[in-house]
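A short write-up of the structure that comes next.
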Amino acid sequence: MDKPLPIPWENGLQWFLRMIPAKELGEKSFRELFDHLRRTPLRPFGRNVVPSNMVNGWGAVSFDQRPEGKPIRSLSQLFNSGEIWGIERGAEYTEAAKALPFPYLVTVFTEWVGEYLHFLREELKVQPPIKLVAGVSGIQGYAIADRRYISPAGYSPRDEILYETVLDRVDVEVSEVLGPFFQKLWGDFTLPGTWDEVQS
């Protein structure tokens, strides 16, 4: 807290989640925002387990610890407005293979919508409606796993896929909220059927 730390970020294959309350928090000091993260830990978006917290120009941020000077690969940003934005870079092996890790995305988005909603409800006392934006970017030239999640298949001509919806309550069934997003990904990669269809 005594000095700013550089936390560089490099764009590439990445996925992100934004939760935007309709009503902003109002005036909160950076100390208050930082204390929110300490009372109710807000982990970096993704599966990293060694987070660091600090304040920055937009509010307070939780990010994965990396060797000094190395770009971070995941973060959760709490803005002064109450918005939470999570973003994670694809693993190096997924970028090398040019394959979007679809089953991993299903797990991460499902887990973090629930976690962010819990933080907004319990820590910030936010009331709905809450806008949800989910997406992936840097995907041009990538394939996606097939139904059995074994071999890469499909192709998207886009570099970014976005999905938006508005939650009118916080006690939502996360799988229902995200189902249309997962189907949009599946369809935009030109794969047949539905994203959750079991192939025998």
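Ordered as shown in the structure tokens, chains take letters A, B, and onward, while each chain numbers its residues from 1 and ligands are numbered from 1 in the order shown.
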*Using backbone DSSP assignments, extract all strand (DSSP E) residues from range 54-107 of chain A; output them as a PyMOL selection string.*
chain A and resi 54-56+59-64+74-79+84-89+99-100
Per-residue nearest contacts of range 112-173 of chain A to range 32-37 of chain A (9 Å; only C-alpha atoms) as CSV:
residue,atom,partner,partner_atom,distance
A:Phe119,CA,A:His36,CA,9.0
A:Glu123,CA,A:His36,CA,6.7
A:Leu124,CA,A:His36,CA,7.7
Go ahead and write the selection's residues with N, CA and C atoms as a PDB file, in the first residue's frame.
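What follows is the written file again-v6.pdb:
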ATOM      1  N   PHE A 119     -20.153 -11.484  -4.240  1.00  0.00           N
ATOM      2  CA  PHE A 119     -19.432 -10.291  -3.789  1.00  0.00           C
ATOM      3  C   PHE A 119     -20.319  -9.049  -3.879  1.00  0.00           C
ATOM      4  N   GLU A 123     -21.040  -8.229  -0.077  1.00  0.00           N
ATOM      5  CA  GLU A 123     -20.048  -7.236   0.339  1.00  0.00           C
ATOM      6  C   GLU A 123     -20.451  -5.820  -0.025  1.00  0.00           C
ATOM      7  N   LEU A 124     -20.932  -5.609  -1.246  1.00  0.00           N
ATOM      8  CA  LEU A 124     -21.268  -4.254  -1.690  1.00  0.00           C
ATOM      9  C   LEU A 124     -22.739  -3.915  -1.515  1.00  0.00           C
TER      10      LEU A 124
END
*Skipping near chain neighbours, those fewer than 4 positions away, what residues fall within 12 Å of Arg121 in chain A using only C-alpha atoms, listed as a list in words?*
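With the cut-off at 12 Å, the set is Met19, Pro21, Thr40, Gly82, Gly114, Glu115, Tyr116, Leu117, Lys125, Val126, Gln127, Pro128, Pro129, Ile130, Arg169, Val170 and Asp171 of chain A.
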C-alpha atoms of the current selection, written as a compact mmCIF listing (two decimals), in the first residue's frame:
# COMPACT_ATOMS: atom_id res chain seq x y z
CA MET A 19 -20.82 -7.37 -13.92
CA PRO A 21 -24.69 -2.65 -11.38
CA THR A 40 -14.48 -10.74 1.04
CA GLY A 82 -19.16 -1.08 -8.26
CA GLY A 114 -21.52 -17.01 -8.93
CA GLU A 115 -18.52 -15.54 -7.12
CA TYR A 116 -19.00 -12.02 -8.50
CA LEU A 117 -22.72 -12.08 -7.70
CA LYS A 125 -25.01 -4.73 -0.96
CA VAL A 126 -25.79 -4.14 -4.63
CA GLN A 127 -29.37 -4.57 -5.79
CA PRO A 128 -30.38 -5.67 -9.30
CA PRO A 129 -30.62 -5.06 -12.15
CA ILE A 130 -27.05 -6.03 -12.99
CA ARG A 169 -32.32 -10.80 -9.48
CA VAL A 170 -29.16 -12.08 -7.82
CA ASP A 171 -30.39 -15.55 -6.85
*Got a sec: who's within 6 Å of range 86-92 of chain A, counting only C-alpha atoms, leaving out chain neighbours fewer than 5 positions off, as an MDAnalysis selection string?*
chainID A and resid 13:17 45 73:76
*Measuring atom to atom with only C-alpha atoms, identify which of A:Glu122, A:Arg38, A:Tyr155, A:Phe109 is nearest to Val177 in chain A.*
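Of all the options, A:Phe109 lies closest to Val177 in chain A.
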_Just want the 7 Å neighbourhood of Leu100 in chain A, counted on only C-alpha atoms, with same-chain residues fewer than 5 positions away dropped. Output as a PyMOL selection string._
chain A and resi 94+142-145
*Identify all residues of range 38-102 of chain A in helix (DSSP H, G or I) (DSSP on the backbone) and supply them as a PyMOL selection string.*
chain A and resi 38-39+92-97+102
*Spatial neighbours of Val50 in chain A, 9 Å, only C-alpha atoms, chain gap at least 5 places, as a ChimeraX atom specification*: /A:43-44,63-65
*Could you name the residues that touch Leu105 in chain A at 10 Å or less, counting only C-alpha atoms, but leaving out those on the same chain fewer than 3 positions away, as a list in words?*
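Neighbouring residues, sequence-local ones excluded: Trp15, Gly46, Leu100, Pro101, Phe102, Val108, Phe109, Thr110, Glu111, Val136 and Phe182 of chain A.
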_d(CA of Gly138 in chain A, CA of Asn11 in chain A) in Å_ =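 Atom-to-atom, CA of Gly138 in chain A and CA of Asn11 in chain A are spaced 7.8 Å apart.
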